[in-house]
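Report on the structure given below.
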2 protein chains.
Amino acid sequence: MAEDIFKVDGKEYSKEQYWHTSSHILAQALQRLYPACKLTIGPAIENGFYYDIDNLHITEDDFSKIEAEMEKICKENLPVVHKDISKDEARQKWKDNKYKIELIEGIAGSTVSTYSQGNFTDLCSGPHLPSTGLVKAIKILKLAGAYWRGDAKNEMLTRVYAISFPDKKELKKYLMGLEEAKKRDHRILGRQLDWFSFHEYSPGAPFFHGKGSRIYVKLINWLRDEYRLRGYQEVITPLLYNKKLWETSGHWDHYKDEMFILNIDGQESSLKPMNCPSHLLIYMNDSKSYRDLPWRVADFAPVHRNELRGVLSGMVRVRKFSQDDAHVLCTEEQMDDEILALIDFANYIYKDVFSFPFDVELSTRPEKFMGSKEEWDKAEKALKNALEKRKIHYRVNEGDGAFYGPKIDFHIKDSLGRSWQLSTIQVDFQMPGRFGATYEGQDGQKHTPVMLHRALLGSIERFMAILIEHYAGKLPTWLLPVQVIVLPVADRHHDYATKLREQMLRAGLEVEVDYRQESIPKKVRNAQQSRIKYILVVGDNELKDGTVAVRTWDNIVHGAKKIDEFVSEVVKEIQDKK
Amino acid sequence: MAEDIFKVDGKEYSKEQYWHTSSHILAQALQRLYPACKLTIGPAIENGFYYDIDNLHITEDDFSKIEAEMEKICKENLPVVHKDISKDEARQKWKDNKYKIELIEGIAGSTVSTYSQGNFTDLCSGPHLPSTGLVKAIKILKLAGAYWRGDAKNEMLTRVYAISFPDKKELKKYLMGLEEAKKRDHRILGRQLDWFSFHEYSPGAPFFHGKGSRIYVKLINWLRDEYRLRGYQEVITPLLYNKKLWETSGHWDHYKDEMFILNIDGQESSLKPMNCPSHLLIYMNDSKSYRDLPWRVADFAPVHRNELRGVLSGMVRVRKFSQDDAHVLCTEEQMDDEILALIDFANYIYKDVFSFPFDVELSTRPEKFMGSKEEWDKAEKALKNALEKRKIHYRVNEGDGAFYGPKIDFHIKDSLGRSWQLSTIQVDFQMPGRFGATYEGQDGQKHTPVMLHRALLGSIERFMAILIEHYAGKLPTWLLPVQVIVLPVADRHHDYATKLREQMLRAGLEVEVDYRQESIPKKVRNAQQSRIKYILVVGDNELKDGTVAVRTWDNIVHGAKKIDEFVSEVVKEIQDKK
């Protein structure tokens, strides 16, 4: 992808090699400034690079000094030279650094690869830039602690994170983006806005407070409305299942480590990590005929996955979450129409409702696969046809499908340009057969239905996090937990404010009144910080005229409006999912 | 209670003694007919009595013979005589019955109590009727297997269930009630109507199918609407918690056996059996002042309780369920108003919406109690005042409150006259203090809030079961999963039917079309059996006039109606919770 490339002086370099050389520049600078420090490893990462170092005692105050030294090394434009040396020579060279010695002993063969720039040499398998001068802008981002080899039993090292660019403007843009992302961080906004919180007693499981729950419930009720119109039945399913279910589905063999296991009635059981087996149990509760298909079933059941505690992150990586999960069981003949309907549903959500740019990947038959080539061809063709019919551009990942069927992935792009994979539409030839799910065809014979798996928002928790960061908390009106606030100017306007609140509540608006003895400008600021879109000031004039003085969170003043007019405008906005 | 009494020939006898003597009559009859059988124990139960017997091999075909023998014993009008005998005499008397010997050895002291009627004597502590002639009507109900002393390692005995009355008419009424209850059994209706099911892989946890889920979601969304207007915030909370939480709440000591325990991150954790601790964690997430109170929080989180597998029963006794759970944290001064609001909420639900007759019990300070007498007096007075203010009749259970506060229980009566305890309004002086939850008062000091616990439907699952049996599945329109069905007379009316369905769906009605090639009378019957209230037949006339021919599940024919008129009538019914 073009995005993995930097262009410097007309030549292209991979970001990986660019940031890898940059990490050597960092190490070189640190060794010049702090000769007693011990280098360990320093890789390129998704955004920038880091180096883990022992016996380095620095604070943020030292950053500018280190950056200055790094810039010096760049200006020196040192050629980067690769050399394989014998292990003996390497052992001699790093005899005072037990970490490098450990790395050397871990490398197969009799030689090790090194890269040098000036009088600095590091043990490294490359690749690197040809010279340090190609790095034009550098910034140290933060310090962190990290265990040698990620093992808490080992020494704690100092990890220095940094990033570099071929251009000062690009660095500036990146830093501004970081700044903006920090302001939009859903964990920070969630706390500030009193939308949700976390607690050490239940790691990885958000507590949605009153306002956060409203957003959550609005998302779910919206999908429920869509399900009614699109012919889905919603089900409510148990969360605990005997391991026999997971043995049948195959999860016990392949997914056990990520399940929460417990003993029930003397037998191993687990909290469900996904819904598909529950839906097959319902499907099989009575016999089905071709007339019952397509059978579309949706579920918001909370699922639990035993993610490592260390990787949990806000609502993006959690242990408990609900998906807008659905499955379609259908005949092969129905597959085309069902996939088209799913694409339309996805398009409606991403494009019509949220205006997210998105791109699509189609993953096709891998070398090892279940089912027949004919089935696969049919399924891949159905996926392609649907995308083409809807003029949706897509990329093909040849051979990248799961062994049980091809799939389409949707990636949306948020307002900071970050890409998020949200949904997968997956064709599955395997699961219904494992459970022995069948339908009676028009021929009177038993057939195995095709199963389509899909979640369009994905995890509701994660989707909420993305929305919060995308909109910086200024969600579309229909999703706001507080859409309107009434600010009475003086005590004598409280009754009017209360009456307005009551009227708006009954009209379905989310509304609060700020009765505090504070100045109107202060109340307005508070309301804007609280991400309340419409701020209605009511004083003597408004009371007399039955109006409200409307302004917005962007401080646009709309002036006096009849209350009925205002209510019906906002009701319309909500109905239109604006 | 008057209900625990039978009146015979002008005298009153407790049902317990009445059914206890009846069980001896059963035993005597069986011993006359099957001399080799071994009697064990035979208590009175809530409805009737049973006797557990070894070496008894009978089927339902034998019931009339046994009943005839029992009636003979009644007619013999044998006096029932109490006698204490020495254990030695007792051991001699029951030397051939190891069960009675085991019972004798388990009794303290040197004598045992016996009751005789004619030449039949049983080991028994009474009390009994004075003579067998007081029993006028008897019916054997069913056979079951039961382990001696309820232990699966012991012998399997035959349990004979029966019931008796002072009057044949009363027996007939009871049997008709049983018959009716069977027809209304929510487990049977749930399966017949495809509303929900159970599966051995998840005992005690219902699977709500598409239609059952609709009822469930309608109940919850109704309460959500009420919560908005009544100033509750709904929260969404984690299900798994570290045991430290349960140690703080006291559940680890008192409730551990009923929790599902599992290991998370190397520490004991559990699925939550109730929500109160989650709510206190949210309350304590930031500091609170008196201005933040009353703080009303509601939660539909699924809770899990490890009930014994043997006692699980349909949706009435389950392992996984959601409550319409809510807690109010308030100052002592606010308690009166908050309790009044809860009584009003309960009254709205039972009386206004469901027209259930209900009665109320107030349980007051027990000998051992937390908090001060003054607090208790205040809380009891608040509960009483609220009931009296609303002219709700109540019974006082002196000293029957929990040690942490007084409470009100609501019992509703269903259409079969069965009583169900639904809700409790509980004052709690203890839990907030255990967690260290406080608020800053107007005096600038920290105070501990009072906590009110309450669920008005109780478990949604159990409430649904009660509704299904109360209405025999013919739920109020607003709760029906399918409110309307359209029956096209011929193929040429299918398009019109589809158009009507679309219109009604968008108006918020739950509607289906029966496109099958079946006769209209058959489709009507099917719809009625499926508990669909409005059946719209559409043929040539209806198509031409834009009407529908309306009839109901009770086969009342309303005739042709303009579709818009019909829709607005049903929409109104739904809005009015009819």
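We name chains A, B, ... following the order of the structure tokens; residues begin at 1 in each chain, and ligands are numbered from 1 as shown.
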
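Proximity to chain B at a cut-off of 6 Å picks out Tyr201, Ser202, Ala205, Phe207, Phe208, His209, Gly210, Ser213, Gln233, Glu234, Val235, Ile236, Thr237, Pro238, Tyr241, Asn242 and Leu262 of chain A on chain A, counting only C-alpha atoms.
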
Spatial neighbours of Lys562 of chain A, 7 Å, only C-alpha atoms, chain gap at least 6 places, as a list in words: Gly546, Thr547 and Val548 of chain A

Counting only C-alpha atoms, the option among B:Leu457, B:Ile468, B:Val484, B:Ala341 closest to Glu512 of chain B: B:Val484

Near-segment 273-277 of chain B list (7 Å; only C-alpha atoms; drop same-chain fewer than 5 positions) as number ranges by chain: B: 249, 259, 303-305

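The protein and nucleic acid residues lying at most 10 Å from Glu573 of chain B are Pro476, Thr477, Trp478, Val567, Ser568, Glu569, Lys577 and Lys578 of chain B, with only C-alpha atoms considered and sequence neighbours fewer than 4 positions away removed.
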
Long-range neighbours of Thr158 of chain B as an NGL selection string, 12 Å cut-off, only C-alpha atoms, 2 positions minimum in chain: :B and (30 or 37-42 or 50-59 or 142-148 or 155-156 or 160-161)

Polymer residues at most 7 Å from Ala455 of chain B, only C-alpha atoms, same-chain spacing of 2 or more positions, as a PyMOL selection string: chain B and resi 323-326+423-424+457-458

Polymer residues at most 10 Å from segment 382-391 of chain B, only C-alpha atoms, same-chain spacing of 5 or more positions, as a ChimeraX atom specification: /B:332,334-344,347,360,362-364,376-377,396,406-408,425-427

Can those selected residues be exported to a file as a PDB file, in the first residue's frame so that it contains N, CA and C atoms?
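Result file again-v2.pdb:
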```pdb
ATOM      1  N   GLU B 332     -32.430  10.769  54.196  1.00  0.00           N
ATOM      2  CA  GLU B 332     -33.556  10.315  55.031  1.00  0.00           C
ATOM      3  C   GLU B 332     -34.780  11.175  54.787  1.00  0.00           C
ATOM      4  N   GLN B 334     -35.687  12.532  52.086  1.00  0.00           N
ATOM      5  CA  GLN B 334     -36.323  12.253  50.784  1.00  0.00           C
ATOM      6  C   GLN B 334     -37.073  10.925  50.782  1.00  0.00           C
ATOM      7  N   MET B 335     -36.828  10.095  51.799  1.00  0.00           N
ATOM      8  CA  MET B 335     -37.346   8.731  51.812  1.00  0.00           C
ATOM      9  C   MET B 335     -38.863   8.694  51.628  1.00  0.00           C
ATOM     10  N   ASP B 336     -39.590   9.562  52.326  1.00  0.00           N
ATOM     11  CA  ASP B 336     -41.062   9.559  52.229  1.00  0.00           C
ATOM     12  C   ASP B 336     -41.541   9.717  50.793  1.00  0.00           C
ATOM     13  N   ASP B 337     -41.032  10.735  50.134  1.00  0.00           N
ATOM     14  CA  ASP B 337     -41.472  11.000  48.758  1.00  0.00           C
ATOM     15  C   ASP B 337     -41.067   9.875  47.818  1.00  0.00           C
ATOM     16  N   GLU B 338     -39.870   9.345  48.036  1.00  0.00           N
ATOM     17  CA  GLU B 338     -39.397   8.284  47.145  1.00  0.00           C
ATOM     18  C   GLU B 338     -40.237   7.022  47.293  1.00  0.00           C
ATOM     19  N   ILE B 339     -40.578   6.691  48.536  1.00  0.00           N
ATOM     20  CA  ILE B 339     -41.405   5.495  48.760  1.00  0.00           C
ATOM     21  C   ILE B 339     -42.792   5.703  48.162  1.00  0.00           C
ATOM     22  N   LEU B 340     -43.323   6.899  48.340  1.00  0.00           N
ATOM     23  CA  LEU B 340     -44.632   7.200  47.751  1.00  0.00           C
ATOM     24  C   LEU B 340     -44.578   7.033  46.226  1.00  0.00           C
ATOM     25  N   ALA B 341     -43.508   7.513  45.629  1.00  0.00           N
ATOM     26  CA  ALA B 341     -43.365   7.394  44.168  1.00  0.00           C
ATOM     27  C   ALA B 341     -43.277   5.919  43.758  1.00  0.00           C
ATOM     28  N   LEU B 342     -42.623   5.099  44.588  1.00  0.00           N
ATOM     29  CA  LEU B 342     -42.523   3.667  44.262  1.00  0.00           C
ATOM     30  C   LEU B 342     -43.889   2.985  44.374  1.00  0.00           C
ATOM     31  N   ILE B 343     -44.635   3.353  45.399  1.00  0.00           N
ATOM     32  CA  ILE B 343     -45.987   2.787  45.552  1.00  0.00           C
ATOM     33  C   ILE B 343     -46.846   3.181  44.350  1.00  0.00           C
ATOM     34  N   ASP B 344     -46.717   4.431  43.935  1.00  0.00           N
ATOM     35  CA  ASP B 344     -47.491   4.891  42.774  1.00  0.00           C
ATOM     36  C   ASP B 344     -47.104   4.126  41.517  1.00  0.00           C
ATOM     37  N   ASN B 347     -48.596   0.663  41.763  1.00  0.00           N
ATOM     38  CA  ASN B 347     -50.027   0.773  41.554  1.00  0.00           C
ATOM     39  C   ASN B 347     -50.352   0.951  40.069  1.00  0.00           C
ATOM     40  N   VAL B 360     -50.884  -6.416  50.041  1.00  0.00           N
ATOM     41  CA  VAL B 360     -49.602  -5.852  50.445  1.00  0.00           C
ATOM     42  C   VAL B 360     -49.282  -6.271  51.876  1.00  0.00           C
ATOM     43  N   LEU B 362     -46.472  -5.533  55.063  1.00  0.00           N
ATOM     44  CA  LEU B 362     -45.392  -4.686  55.580  1.00  0.00           C
ATOM     45  C   LEU B 362     -44.652  -5.481  56.648  1.00  0.00           C
ATOM     46  N   SER B 363     -43.347  -5.666  56.461  1.00  0.00           N
ATOM     47  CA  SER B 363     -42.557  -6.406  57.447  1.00  0.00           C
ATOM     48  C   SER B 363     -41.696  -5.433  58.240  1.00  0.00           C
ATOM     49  N   THR B 364     -41.800  -5.509  59.557  1.00  0.00           N
ATOM     50  CA  THR B 364     -41.180  -4.498  60.425  1.00  0.00           C
ATOM     51  C   THR B 364     -39.942  -5.023  61.150  1.00  0.00           C
ATOM     52  N   TRP B 376     -35.287   3.097  61.935  1.00  0.00           N
ATOM     53  CA  TRP B 376     -36.301   2.083  61.628  1.00  0.00           C
ATOM     54  C   TRP B 376     -37.707   2.665  61.728  1.00  0.00           C
ATOM     55  N   ASP B 377     -37.946   3.393  62.832  1.00  0.00           N
ATOM     56  CA  ASP B 377     -39.278   3.971  63.004  1.00  0.00           C
ATOM     57  C   ASP B 377     -39.614   4.873  61.832  1.00  0.00           C
ATOM     58  N   VAL B 396     -49.619  -6.248  58.507  1.00  0.00           N
ATOM     59  CA  VAL B 396     -48.300  -6.044  59.104  1.00  0.00           C
ATOM     60  C   VAL B 396     -47.743  -7.388  59.570  1.00  0.00           C
ATOM     61  N   PRO B 406     -36.826  -2.443  56.959  1.00  0.00           N
ATOM     62  CA  PRO B 406     -38.189  -2.920  56.742  1.00  0.00           C
ATOM     63  C   PRO B 406     -38.523  -2.972  55.254  1.00  0.00           C
ATOM     64  N   LYS B 407     -39.641  -3.621  54.908  1.00  0.00           N
ATOM     65  CA  LYS B 407     -39.982  -3.769  53.485  1.00  0.00           C
ATOM     66  C   LYS B 407     -41.475  -3.933  53.286  1.00  0.00           C
ATOM     67  N   ILE B 408     -41.901  -3.701  52.064  1.00  0.00           N
ATOM     68  CA  ILE B 408     -43.272  -3.970  51.629  1.00  0.00           C
ATOM     69  C   ILE B 408     -43.213  -5.026  50.531  1.00  0.00           C
ATOM     70  N   ILE B 425     -40.448  -3.615  48.049  1.00  0.00           N
ATOM     71  CA  ILE B 425     -39.810  -2.310  48.223  1.00  0.00           C
ATOM     72  C   ILE B 425     -39.106  -2.392  49.572  1.00  0.00           C
ATOM     73  N   GLN B 426     -37.782  -2.370  49.519  1.00  0.00           N
ATOM     74  CA  GLN B 426     -36.965  -2.681  50.691  1.00  0.00           C
ATOM     75  C   GLN B 426     -36.153  -1.450  51.063  1.00  0.00           C
ATOM     76  N   VAL B 427     -36.226  -1.070  52.329  1.00  0.00           N
ATOM     77  CA  VAL B 427     -35.362   0.013  52.816  1.00  0.00           C
ATOM     78  C   VAL B 427     -34.088  -0.635  53.342  1.00  0.00           C
TER      79      VAL B 427
END
```

Strand (DSSP E or B) per DSSP on the backbone: members of segment 405-508 of chain A, as an NGL selection string: :A and (405 or 407-413 or 419-428 or 439-440 or 446-447 or 450-459 or 484-488)

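Relative to atom CA of Trp222 of chain B, atom CA of Ala472 of chain B is found at 21.6 Å.
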
Atom CA of Ile107 of chain A to atom CA of Lys87 of chain A, distance in Å rounded to a single decimal: 9.1 Å

Distance criterion (only C-alpha atoms): nearest to Lys83 of chain A out of A:Ser113, A:Glu102, A:Asn154, A:Tyr404: A:Ser113

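Among B:Asn541, B:Thr21, B:Ser322, B:Gln192, the residue with the shortest atom-to-atom distance to Phe463 of chain B, counting only C-alpha atoms, is B:Ser322.
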
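Relative to atom CA of Lys256 of chain A, atom CA of Trp252 of chain B is found at 27.8 Å.
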